[in-house]
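Student: target-v8.cif (mmCIF, N, CA and C atoms and all ligand atoms) pasted underneath:
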```cif
data_query
loop_
_atom_site.label_atom_id
_atom_site.label_comp_id
_atom_site.auth_asym_id
_atom_site.auth_seq_id
_atom_site.Cartn_x
_atom_site.Cartn_y
_atom_site.Cartn_z
N MET A 81 0.84 -1.20 0.00
CA MET A 81 0.00 0.00 0.00
C MET A 81 0.88 1.25 0.00
N VAL A 82 0.47 2.22 -0.82
CA VAL A 82 1.20 3.49 -0.86
C VAL A 82 0.39 4.53 -0.11
N LYS A 83 1.04 5.20 0.80
CA LYS A 83 0.40 6.29 1.55
C LYS A 83 0.76 7.60 0.85
N ILE A 84 -0.24 8.45 0.64
CA ILE A 84 0.01 9.74 0.00
C ILE A 84 -0.05 10.84 1.05
N LEU A 85 1.03 11.58 1.18
CA LEU A 85 1.04 12.74 2.07
C LEU A 85 0.85 13.99 1.22
N THR A 86 0.02 14.90 1.69
CA THR A 86 -0.16 16.19 1.00
C THR A 86 0.71 17.23 1.70
N ILE A 87 1.48 17.95 0.90
CA ILE A 87 2.39 18.94 1.46
C ILE A 87 2.11 20.29 0.80
N SER A 88 1.77 21.28 1.60
CA SER A 88 1.56 22.63 1.09
C SER A 88 2.86 23.40 1.22
N THR A 89 3.34 23.94 0.10
CA THR A 89 4.55 24.75 0.16
C THR A 89 4.16 26.22 0.06
N HIS A 90 5.04 27.08 0.57
CA HIS A 90 4.67 28.49 0.72
C HIS A 90 5.60 29.46 -0.01
N SER A 91 6.66 28.95 -0.60
CA SER A 91 7.61 29.81 -1.31
C SER A 91 7.96 29.16 -2.64
N ARG A 92 8.63 29.92 -3.51
CA ARG A 92 9.09 29.35 -4.79
C ARG A 92 10.08 28.23 -4.52
N VAL A 93 11.05 28.50 -3.65
CA VAL A 93 12.02 27.48 -3.28
C VAL A 93 12.01 27.33 -1.76
N GLU A 94 11.88 26.10 -1.31
CA GLU A 94 11.70 25.89 0.12
C GLU A 94 12.03 24.43 0.47
N PHE A 95 12.70 24.21 1.59
CA PHE A 95 12.91 22.87 2.12
C PHE A 95 12.00 22.71 3.33
N ILE A 96 11.19 21.67 3.32
CA ILE A 96 10.26 21.44 4.42
C ILE A 96 10.65 20.15 5.14
N ASP A 97 10.87 20.25 6.44
CA ASP A 97 11.25 19.08 7.24
C ASP A 97 10.02 18.18 7.40
N ILE A 98 10.08 16.99 6.82
CA ILE A 98 8.95 16.06 6.87
C ILE A 98 9.27 14.82 7.72
N THR A 99 10.34 14.92 8.51
CA THR A 99 10.76 13.77 9.32
C THR A 99 9.62 13.29 10.23
N GLY A 100 8.94 14.23 10.89
CA GLY A 100 7.85 13.88 11.80
C GLY A 100 6.70 13.21 11.06
N ASP A 101 6.41 13.67 9.84
CA ASP A 101 5.32 13.07 9.05
C ASP A 101 5.66 11.62 8.69
N ILE A 102 6.92 11.38 8.33
CA ILE A 102 7.33 10.02 7.96
C ILE A 102 7.31 9.11 9.19
N GLU A 103 7.77 9.65 10.32
CA GLU A 103 7.72 8.88 11.57
C GLU A 103 6.29 8.48 11.92
N ARG A 104 5.35 9.43 11.70
CA ARG A 104 3.94 9.17 11.99
C ARG A 104 3.40 8.03 11.12
N VAL A 105 3.75 8.05 9.83
CA VAL A 105 3.30 6.99 8.92
C VAL A 105 3.81 5.64 9.40
N ALA A 106 5.09 5.58 9.78
CA ALA A 106 5.68 4.32 10.24
C ALA A 106 4.97 3.83 11.50
N LYS A 107 4.66 4.76 12.38
CA LYS A 107 3.97 4.41 13.63
C LYS A 107 2.55 3.90 13.36
N GLU A 108 1.81 4.63 12.48
CA GLU A 108 0.44 4.24 12.13
C GLU A 108 0.39 2.82 11.59
N LEU A 109 1.37 2.49 10.76
CA LEU A 109 1.38 1.17 10.13
C LEU A 109 1.93 0.10 11.07
N GLY A 110 2.50 0.55 12.20
CA GLY A 110 3.00 -0.40 13.19
C GLY A 110 4.17 -1.24 12.72
N VAL A 111 4.98 -0.67 11.85
CA VAL A 111 6.12 -1.42 11.33
C VAL A 111 7.28 -1.36 12.32
N LYS A 112 7.77 -2.53 12.71
CA LYS A 112 8.90 -2.59 13.66
C LYS A 112 10.23 -2.62 12.92
N SER A 113 10.26 -3.31 11.79
CA SER A 113 11.50 -3.42 11.04
C SER A 113 11.17 -3.42 9.55
N GLY A 114 11.80 -2.52 8.81
CA GLY A 114 11.49 -2.46 7.38
C GLY A 114 12.23 -1.35 6.68
N ILE A 115 11.73 -1.05 5.48
CA ILE A 115 12.31 0.03 4.68
C ILE A 115 11.19 0.98 4.29
N CYS A 116 11.43 2.26 4.52
CA CYS A 116 10.48 3.30 4.13
C CYS A 116 10.98 3.94 2.85
N TRP A 117 10.18 3.78 1.81
CA TRP A 117 10.51 4.34 0.50
C TRP A 117 9.70 5.61 0.31
N MET A 118 10.34 6.66 -0.16
CA MET A 118 9.66 7.94 -0.36
C MET A 118 9.88 8.38 -1.80
N PHE A 119 8.77 8.74 -2.47
CA PHE A 119 8.86 9.10 -3.89
C PHE A 119 8.05 10.38 -4.15
N VAL A 120 8.68 11.33 -4.82
CA VAL A 120 8.03 12.60 -5.16
C VAL A 120 7.55 12.53 -6.61
N PRO A 121 6.23 12.51 -6.83
CA PRO A 121 5.71 12.37 -8.20
C PRO A 121 5.57 13.72 -8.91
N HIS A 122 6.60 14.51 -8.87
CA HIS A 122 6.59 15.85 -9.49
C HIS A 122 7.92 16.07 -10.21
N THR A 123 7.91 16.98 -11.17
CA THR A 123 9.14 17.23 -11.94
C THR A 123 9.88 18.49 -11.50
N THR A 124 9.29 19.22 -10.55
CA THR A 124 9.95 20.44 -10.07
C THR A 124 10.06 20.45 -8.54
N ALA A 125 10.09 19.28 -7.95
CA ALA A 125 10.29 19.13 -6.51
C ALA A 125 11.11 17.86 -6.29
N GLY A 126 11.68 17.74 -5.11
CA GLY A 126 12.51 16.57 -4.82
C GLY A 126 12.51 16.25 -3.35
N ILE A 127 13.40 15.33 -2.99
CA ILE A 127 13.50 14.93 -1.58
C ILE A 127 14.97 14.68 -1.26
N THR A 128 15.37 15.09 -0.06
CA THR A 128 16.76 14.84 0.34
C THR A 128 16.82 14.63 1.85
N ILE A 129 17.88 13.98 2.28
CA ILE A 129 18.15 13.81 3.71
C ILE A 129 19.44 14.56 4.02
N ASN A 130 19.35 15.50 4.96
CA ASN A 130 20.54 16.27 5.32
C ASN A 130 20.38 16.83 6.72
N GLU A 131 21.30 17.69 7.12
CA GLU A 131 21.34 18.15 8.51
C GLU A 131 20.07 18.89 8.92
N GLY A 132 19.56 18.51 10.09
CA GLY A 132 18.36 19.15 10.60
C GLY A 132 18.62 20.05 11.79
N ALA A 133 19.85 20.05 12.30
CA ALA A 133 20.13 20.81 13.52
C ALA A 133 20.30 22.30 13.24
N ASP A 134 21.01 22.63 12.18
CA ASP A 134 21.28 24.04 11.87
C ASP A 134 20.55 24.42 10.58
N PRO A 135 19.52 25.27 10.67
CA PRO A 135 18.73 25.62 9.48
C PRO A 135 19.55 26.32 8.40
N SER A 136 20.73 26.86 8.77
CA SER A 136 21.53 27.52 7.74
C SER A 136 22.08 26.52 6.74
N VAL A 137 22.12 25.23 7.09
CA VAL A 137 22.55 24.22 6.11
C VAL A 137 21.56 24.20 4.94
N GLN A 138 20.26 24.23 5.26
CA GLN A 138 19.26 24.23 4.18
C GLN A 138 19.36 25.49 3.33
N SER A 139 19.51 26.65 3.98
CA SER A 139 19.61 27.88 3.19
C SER A 139 20.89 27.91 2.39
N ASP A 140 21.99 27.32 2.91
CA ASP A 140 23.23 27.24 2.13
C ASP A 140 23.03 26.37 0.89
N ILE A 141 22.33 25.24 1.05
CA ILE A 141 22.07 24.37 -0.11
C ILE A 141 21.23 25.13 -1.14
N ILE A 142 20.17 25.79 -0.66
CA ILE A 142 19.28 26.54 -1.55
C ILE A 142 20.05 27.63 -2.29
N ASN A 143 20.88 28.38 -1.56
CA ASN A 143 21.63 29.48 -2.17
C ASN A 143 22.66 28.98 -3.18
N GLN A 144 23.32 27.87 -2.87
CA GLN A 144 24.31 27.34 -3.81
C GLN A 144 23.64 26.76 -5.05
N LEU A 145 22.47 26.11 -4.86
CA LEU A 145 21.72 25.61 -6.03
C LEU A 145 21.32 26.77 -6.94
N ASP A 146 20.95 27.92 -6.32
CA ASP A 146 20.59 29.11 -7.10
C ASP A 146 21.77 29.61 -7.92
N LYS A 147 22.99 29.48 -7.37
CA LYS A 147 24.18 29.92 -8.12
C LYS A 147 24.49 28.95 -9.26
N ILE A 148 24.36 27.66 -8.98
CA ILE A 148 24.64 26.65 -10.00
C ILE A 148 23.59 26.71 -11.12
N VAL A 149 22.33 26.88 -10.70
CA VAL A 149 21.20 26.87 -11.65
C VAL A 149 20.40 28.17 -11.45
N PRO A 150 20.82 29.26 -12.12
CA PRO A 150 20.09 30.53 -11.94
C PRO A 150 18.66 30.45 -12.46
N LEU A 151 17.80 31.28 -11.85
CA LEU A 151 16.37 31.28 -12.22
C LEU A 151 16.20 31.58 -13.71
N HIS A 152 16.94 32.58 -14.19
CA HIS A 152 16.86 32.95 -15.61
C HIS A 152 18.18 32.59 -16.27
N GLY A 153 18.11 31.84 -17.34
CA GLY A 153 19.32 31.41 -18.02
C GLY A 153 19.00 31.11 -19.48
N ASP A 154 19.92 30.46 -20.14
CA ASP A 154 19.75 30.14 -21.56
C ASP A 154 18.93 28.85 -21.68
N TYR A 155 17.67 28.93 -21.24
CA TYR A 155 16.81 27.76 -21.24
C TYR A 155 15.81 27.85 -22.40
N HIS A 156 15.33 26.71 -22.85
CA HIS A 156 14.39 26.67 -23.98
C HIS A 156 12.98 26.20 -23.60
N HIS A 157 12.84 25.61 -22.42
CA HIS A 157 11.55 25.08 -21.96
C HIS A 157 10.52 26.21 -21.90
N LEU A 158 9.40 26.04 -22.62
CA LEU A 158 8.42 27.12 -22.80
C LEU A 158 7.70 27.51 -21.50
N GLU A 159 7.59 26.59 -20.56
CA GLU A 159 6.88 26.90 -19.32
C GLU A 159 7.64 27.92 -18.46
N GLY A 160 8.95 28.09 -18.74
CA GLY A 160 9.72 29.09 -18.02
C GLY A 160 10.23 28.68 -16.66
N ASN A 161 10.14 27.39 -16.34
CA ASN A 161 10.60 26.95 -15.02
C ASN A 161 11.72 25.90 -15.12
N SER A 162 12.58 26.08 -16.10
CA SER A 162 13.68 25.11 -16.29
C SER A 162 14.57 24.99 -15.07
N ALA A 163 14.83 26.11 -14.39
CA ALA A 163 15.70 26.05 -13.21
C ALA A 163 15.13 25.05 -12.20
N ALA A 164 13.82 25.08 -12.02
CA ALA A 164 13.17 24.16 -11.07
C ALA A 164 13.33 22.71 -11.52
N HIS A 165 13.16 22.47 -12.82
CA HIS A 165 13.32 21.10 -13.33
C HIS A 165 14.75 20.60 -13.09
N ILE A 166 15.73 21.46 -13.36
CA ILE A 166 17.14 21.06 -13.23
C ILE A 166 17.48 20.78 -11.76
N LYS A 167 17.02 21.67 -10.86
CA LYS A 167 17.28 21.45 -9.44
C LYS A 167 16.63 20.15 -8.95
N ALA A 168 15.43 19.89 -9.43
CA ALA A 168 14.74 18.66 -9.02
C ALA A 168 15.54 17.44 -9.46
N SER A 169 16.13 17.49 -10.65
CA SER A 169 16.94 16.36 -11.10
C SER A 169 18.23 16.24 -10.31
N LEU A 170 18.83 17.37 -9.94
CA LEU A 170 20.05 17.32 -9.15
C LEU A 170 19.80 16.71 -7.77
N ILE A 171 18.70 17.09 -7.14
CA ILE A 171 18.37 16.59 -5.80
C ILE A 171 17.83 15.17 -5.84
N GLY A 172 17.02 14.86 -6.86
CA GLY A 172 16.44 13.53 -6.97
C GLY A 172 15.02 13.47 -6.44
N CYS A 173 14.27 12.47 -6.91
CA CYS A 173 12.84 12.39 -6.57
C CYS A 173 12.52 11.22 -5.65
N SER A 174 13.53 10.56 -5.10
CA SER A 174 13.23 9.46 -4.19
C SER A 174 14.34 9.32 -3.15
N ASP A 175 13.96 8.69 -2.06
CA ASP A 175 14.93 8.43 -1.00
C ASP A 175 14.38 7.28 -0.16
N LEU A 176 15.18 6.76 0.72
CA LEU A 176 14.71 5.69 1.61
C LEU A 176 15.37 5.83 2.96
N VAL A 177 14.71 5.26 3.95
CA VAL A 177 15.30 5.20 5.28
C VAL A 177 14.90 3.86 5.91
N PHE A 178 15.80 3.27 6.64
CA PHE A 178 15.50 2.00 7.32
C PHE A 178 14.70 2.27 8.59
N ILE A 179 13.90 1.28 8.97
CA ILE A 179 13.16 1.33 10.23
C ILE A 179 13.60 0.13 11.07
N GLU A 180 13.99 0.41 12.30
CA GLU A 180 14.33 -0.67 13.24
C GLU A 180 13.73 -0.32 14.59
N ASP A 181 13.18 -1.33 15.26
CA ASP A 181 12.52 -1.12 16.56
C ASP A 181 11.45 -0.03 16.47
N GLY A 182 10.79 0.06 15.32
CA GLY A 182 9.70 1.02 15.13
C GLY A 182 10.16 2.45 14.93
N ARG A 183 11.47 2.67 14.77
CA ARG A 183 11.99 4.03 14.64
C ARG A 183 12.78 4.19 13.35
N LEU A 184 12.74 5.40 12.79
CA LEU A 184 13.54 5.69 11.61
C LEU A 184 15.01 5.67 12.01
N LYS A 185 15.84 4.99 11.21
CA LYS A 185 17.26 4.89 11.55
C LYS A 185 18.05 5.99 10.85
N LEU A 186 17.70 7.22 11.21
CA LEU A 186 18.44 8.36 10.67
C LEU A 186 19.68 8.61 11.52
N GLY A 187 20.68 9.22 10.92
CA GLY A 187 21.85 9.64 11.69
C GLY A 187 21.46 10.75 12.66
N THR A 188 22.31 10.97 13.65
CA THR A 188 22.03 11.93 14.72
C THR A 188 21.58 13.29 14.18
N TRP A 189 22.21 13.75 13.10
CA TRP A 189 21.95 15.10 12.62
C TRP A 189 21.06 15.12 11.39
N GLN A 190 20.55 13.96 11.00
CA GLN A 190 19.79 13.90 9.74
C GLN A 190 18.30 14.17 9.92
N SER A 191 17.74 14.89 8.96
CA SER A 191 16.31 15.08 8.83
C SER A 191 15.95 14.85 7.36
N ILE A 192 14.66 14.59 7.12
CA ILE A 192 14.18 14.35 5.76
C ILE A 192 13.50 15.62 5.27
N TYR A 193 13.90 16.07 4.09
CA TYR A 193 13.35 17.32 3.56
C TYR A 193 12.65 17.12 2.24
N PHE A 194 11.41 17.65 2.16
CA PHE A 194 10.75 17.81 0.87
C PHE A 194 11.27 19.12 0.28
N CYS A 195 11.72 19.06 -0.97
CA CYS A 195 12.37 20.22 -1.59
C CYS A 195 11.49 20.80 -2.68
N GLU A 196 10.95 21.97 -2.42
CA GLU A 196 10.13 22.68 -3.41
C GLU A 196 11.02 23.58 -4.24
N PHE A 197 10.86 23.51 -5.57
CA PHE A 197 11.65 24.38 -6.45
C PHE A 197 10.79 25.25 -7.36
N ASP A 198 9.47 25.09 -7.29
CA ASP A 198 8.58 25.88 -8.17
C ASP A 198 7.25 26.14 -7.47
N GLY A 199 7.35 26.57 -6.22
CA GLY A 199 6.13 26.80 -5.43
C GLY A 199 5.67 28.24 -5.53
N PRO A 200 4.70 28.58 -4.69
CA PRO A 200 4.02 27.66 -3.77
C PRO A 200 3.00 26.78 -4.49
N ARG A 201 2.87 25.58 -4.02
CA ARG A 201 1.94 24.61 -4.61
C ARG A 201 1.49 23.62 -3.54
N THR A 202 0.48 22.87 -3.90
CA THR A 202 0.11 21.71 -3.09
C THR A 202 0.76 20.49 -3.73
N ARG A 203 1.57 19.80 -2.98
CA ARG A 203 2.36 18.68 -3.51
C ARG A 203 1.94 17.37 -2.87
N ARG A 204 2.39 16.30 -3.49
CA ARG A 204 2.14 14.97 -2.94
C ARG A 204 3.48 14.26 -2.73
N LEU A 205 3.50 13.43 -1.72
CA LEU A 205 4.66 12.58 -1.46
C LEU A 205 4.12 11.17 -1.26
N MET A 206 4.65 10.22 -2.02
CA MET A 206 4.25 8.83 -1.86
C MET A 206 5.20 8.15 -0.89
N VAL A 207 4.62 7.43 0.06
CA VAL A 207 5.42 6.72 1.07
C VAL A 207 4.98 5.26 1.08
N LYS A 208 5.93 4.38 0.97
CA LYS A 208 5.63 2.94 1.03
C LYS A 208 6.60 2.31 2.03
N ILE A 209 6.06 1.53 2.93
CA ILE A 209 6.91 0.86 3.91
C ILE A 209 6.79 -0.64 3.71
N THR A 210 7.93 -1.27 3.47
CA THR A 210 7.93 -2.72 3.33
C THR A 210 8.53 -3.32 4.60
N GLN A 211 7.86 -4.30 5.14
CA GLN A 211 8.34 -4.94 6.37
C GLN A 211 9.39 -5.99 6.03
N GLN A 212 10.37 -6.09 6.90
CA GLN A 212 11.45 -7.06 6.68
C GLN A 212 11.51 -8.01 7.85
ZN ZN B 1 8.15 23.07 -16.74
#
```
Mind converting the file's structure to structure tokens?
Tutor:
Amino acid sequence: MVKILTISTHSRVEFIDITGDIERVAKELGVKSGICWMFVPHTTAGITINEGADPSVQSDIINQLDKIVPLHGDYHHLEGNSAAHIKASLIGCSDLVFIEDGRLKLGTWQSIYFCEFDGPRTRRLMVKITQQ
């Protein structure tokens, strides 16, 4: 079974900490040991796992992505949001985390982030947990 989470984003580019949402899904399903698969079914958003302790890490990633992939550039895509598509491909649209003893096995400083690159929008995140 795939669980769909709805995520409302509020800015054009934004990282949203969804660690608590994923933990809730794992708890609801009562999985003690397994793999949590997360998939973003969008072409201008992504998902990543990175430091959750210092919020400047997220803003540093966002600012550096803006330098690598400027909003306006020599793009041909008619919709005008090529930068968002490129950032989404760089970050990726899926991730996974192991579950043991009913808990996400993230590193001490890790959090899970939904990455918006063309917001604000209402987004979806697919979550599937397979028991092992
Ligand atoms: Zn587009």
Student: At a cut-off of 8 Å, using only C-alpha atoms, what residues contact Lys112 in chain A? Leave out same-chain residues fewer than 3 positions from it and give the result as a list in words.
Tutor: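 The filter keeps Ile179, Glu180, Asp181, Gly182, Arg183 and Gln211 of chain A.
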Student: Based on the selection just made, write N, CA and C atoms of those residues as a short mmCIF file (atom, residue, chain, number, x, y, z; two decimals), keeping the file's coordinate frame.
Tutor:
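Wrote result04.cif, looks like this:
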```cif
data_model
loop_
_atom_site.label_atom_id
_atom_site.label_comp_id
_atom_site.auth_asym_id
_atom_site.auth_seq_id
_atom_site.Cartn_x
_atom_site.Cartn_y
_atom_site.Cartn_z
N ILE A 179 13.90 1.28 8.97
CA ILE A 179 13.16 1.33 10.23
C ILE A 179 13.60 0.13 11.07
N GLU A 180 13.99 0.41 12.30
CA GLU A 180 14.33 -0.67 13.24
C GLU A 180 13.73 -0.32 14.59
N ASP A 181 13.18 -1.33 15.26
CA ASP A 181 12.52 -1.12 16.56
C ASP A 181 11.45 -0.03 16.47
N GLY A 182 10.79 0.06 15.32
CA GLY A 182 9.70 1.02 15.13
C GLY A 182 10.16 2.45 14.93
N ARG A 183 11.47 2.67 14.77
CA ARG A 183 11.99 4.03 14.64
C ARG A 183 12.78 4.19 13.35
N GLN A 211 7.86 -4.30 5.14
CA GLN A 211 8.34 -4.94 6.37
C GLN A 211 9.39 -5.99 6.03
#
```
Student: Please list as a ChimeraX atom specification every residue within 8 Å of Glu94 in chain A, counting all atoms listed in the file and excluding residues in the same chain fewer than 2 positions away.
Tutor: /A:89-92,96-97,138,142,193-199
Student: Measure the distance from CA of Leu151 in chain A to CA of Ala164 in chain A in Å and round it to one decimal.
Tutor: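 The value is 7.9 Å.
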Student: I need the residues in chain A that are strand (DSSP E) according to DSSP; give them as an MDAnalysis selection string.
Tutor: chainID A and resid 83:88 94:97 114:119 125:131 174:180 183:184 190:196 202:211
Student: Within 6 Å of ligand ZN 1 (chain B) (counting only N, CA and C atoms and all ligand atoms), which residues show up? I'd like them as a count of residues only.
Tutor: 4
Student: In terms of the shortest atom-to-atom distance over all atoms listed in the file, which of A:Ile192, A:Ala133, A:Leu158, A:Ile209 is closest to Gly100 in chain A?
Tutor: A:Ile192
Student: Give the answer as one residue: which of A:Thr99, A:Ser191, A:Gln144, A:Thr86 has the shortest atom-to-atom distance to Gly132 in chain A, using only C-alpha atoms?
Tutor: A:Ser191
Student: I'd like to know which of A:Thr202, A:His157, A:Phe178, A:Ile87 is closest to Ser113 in chain A, using all atoms listed in the file.
Tutor: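 Under the stated criterion, the closest residue is A:Phe178.
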Student: Write out as JSON, numbers by chain the set of residues from chain A that DSSP, computed on the backbone, places in helix (DSSP H, G or I).
Tutor: {"A": [99, 100, 101, 102, 103, 104, 105, 106, 107, 108, 109, 135, 136, 137, 138, 139, 140, 141, 142, 143, 144, 145, 146, 147, 148, 162, 163, 164, 165, 166, 167, 168, 169, 170, 171]}
Student: Between A:Asn130, A:Ser88, A:Thr124, A:Ser169, which one has atoms that come closest to Gly187 in chain A, using only C-alpha atoms?
Tutor: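 That would be A:Asn130, the residue with the smallest distance to Gly187 in chain A.
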Student: Using all atoms listed in the file, can you tell me which of A:Ile115, A:Ala125, A:Val149, A:Ile171 comes closest to Thr210 in chain A?
Tutor: A:Ile115
Student: Could you state the separation of atom N of Met118 in chain A and atom C of Phe95 in chain A in Å, given to one decimal place?
Tutor: 16.5 Å
Student: Restricting the calculation to all atoms listed in the file, which member of A:Val93, A:Val111, A:Cys173, A:Ile166 is positioned closest to Gly126 in chain A?
Tutor: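 Closest residue, counting all atoms listed in the file: A:Cys173.
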Student: Could you give me, as a PyMOL selection string, the residues within 6 Å of Val177 in chain A, counting only N, CA and C atoms and dropping anything in the same chain fewer than 5 positions from it?
Tutor: chain A and resi 114-117+185
Student: To one decimal place, how far is atom N of Asp146 in chain A from atom N of Thr123 in chain A in Å?
Tutor: 17.7 Å
Student: Centre and edge lengths, as JSON, for the axis-aligned box enclosing every listed atom of range 203-211 of chain A with 8 Å of padding on each of the six sides, in Å to one decimal?
Tutor:
```
{"center_x": 5.5, "center_y": 6.9, "center_z": 1.4, "size_x": 23.8, "size_y": 41.8, "size_z": 25.9}
```
Student: Since the input has fewer atoms than a full residue there, write range 181-193 of chain A out with N, CA, C and O atoms, as a short mmCIF file (atom, residue, chain, number, x, y, z; two decimals), in the coordinates of the input.
Tutor:
```cif
data_model
loop_
_atom_site.label_atom_id
_atom_site.label_comp_id
_atom_site.auth_asym_id
_atom_site.auth_seq_id
_atom_site.Cartn_x
_atom_site.Cartn_y
_atom_site.Cartn_z
N ASP A 181 13.18 -1.33 15.26
CA ASP A 181 12.52 -1.12 16.56
C ASP A 181 11.45 -0.03 16.47
O ASP A 181 11.27 0.75 17.40
N GLY A 182 10.79 0.06 15.32
CA GLY A 182 9.70 1.02 15.13
C GLY A 182 10.16 2.45 14.93
O GLY A 182 9.34 3.37 14.91
N ARG A 183 11.47 2.67 14.77
CA ARG A 183 11.99 4.03 14.64
C ARG A 183 12.78 4.19 13.35
O ARG A 183 13.43 3.25 12.88
N LEU A 184 12.74 5.40 12.79
CA LEU A 184 13.54 5.69 11.61
C LEU A 184 15.01 5.67 12.01
O LEU A 184 15.40 6.28 13.01
N LYS A 185 15.84 4.99 11.21
CA LYS A 185 17.26 4.89 11.55
C LYS A 185 18.05 5.99 10.85
O LYS A 185 18.94 5.73 10.04
N LEU A 186 17.70 7.22 11.21
CA LEU A 186 18.44 8.36 10.67
C LEU A 186 19.68 8.61 11.52
O LEU A 186 19.71 8.26 12.71
N GLY A 187 20.68 9.22 10.92
CA GLY A 187 21.85 9.64 11.69
C GLY A 187 21.46 10.75 12.66
O GLY A 187 20.42 11.40 12.51
N THR A 188 22.31 10.97 13.65
CA THR A 188 22.03 11.93 14.72
C THR A 188 21.58 13.29 14.18
O THR A 188 20.65 13.90 14.70
N TRP A 189 22.21 13.75 13.10
CA TRP A 189 21.95 15.10 12.62
C TRP A 189 21.06 15.12 11.39
O TRP A 189 20.84 16.18 10.78
N GLN A 190 20.55 13.96 11.00
CA GLN A 190 19.79 13.90 9.74
C GLN A 190 18.30 14.17 9.92
O GLN A 190 17.69 13.70 10.89
N SER A 191 17.74 14.89 8.96
CA SER A 191 16.31 15.08 8.83
C SER A 191 15.95 14.85 7.36
O SER A 191 16.81 14.92 6.48
N ILE A 192 14.66 14.59 7.12
CA ILE A 192 14.18 14.35 5.76
C ILE A 192 13.50 15.62 5.27
O ILE A 192 12.63 16.16 5.95
N TYR A 193 13.90 16.07 4.09
CA TYR A 193 13.35 17.32 3.56
C TYR A 193 12.65 17.12 2.24
O TYR A 193 13.20 16.53 1.30
#
```
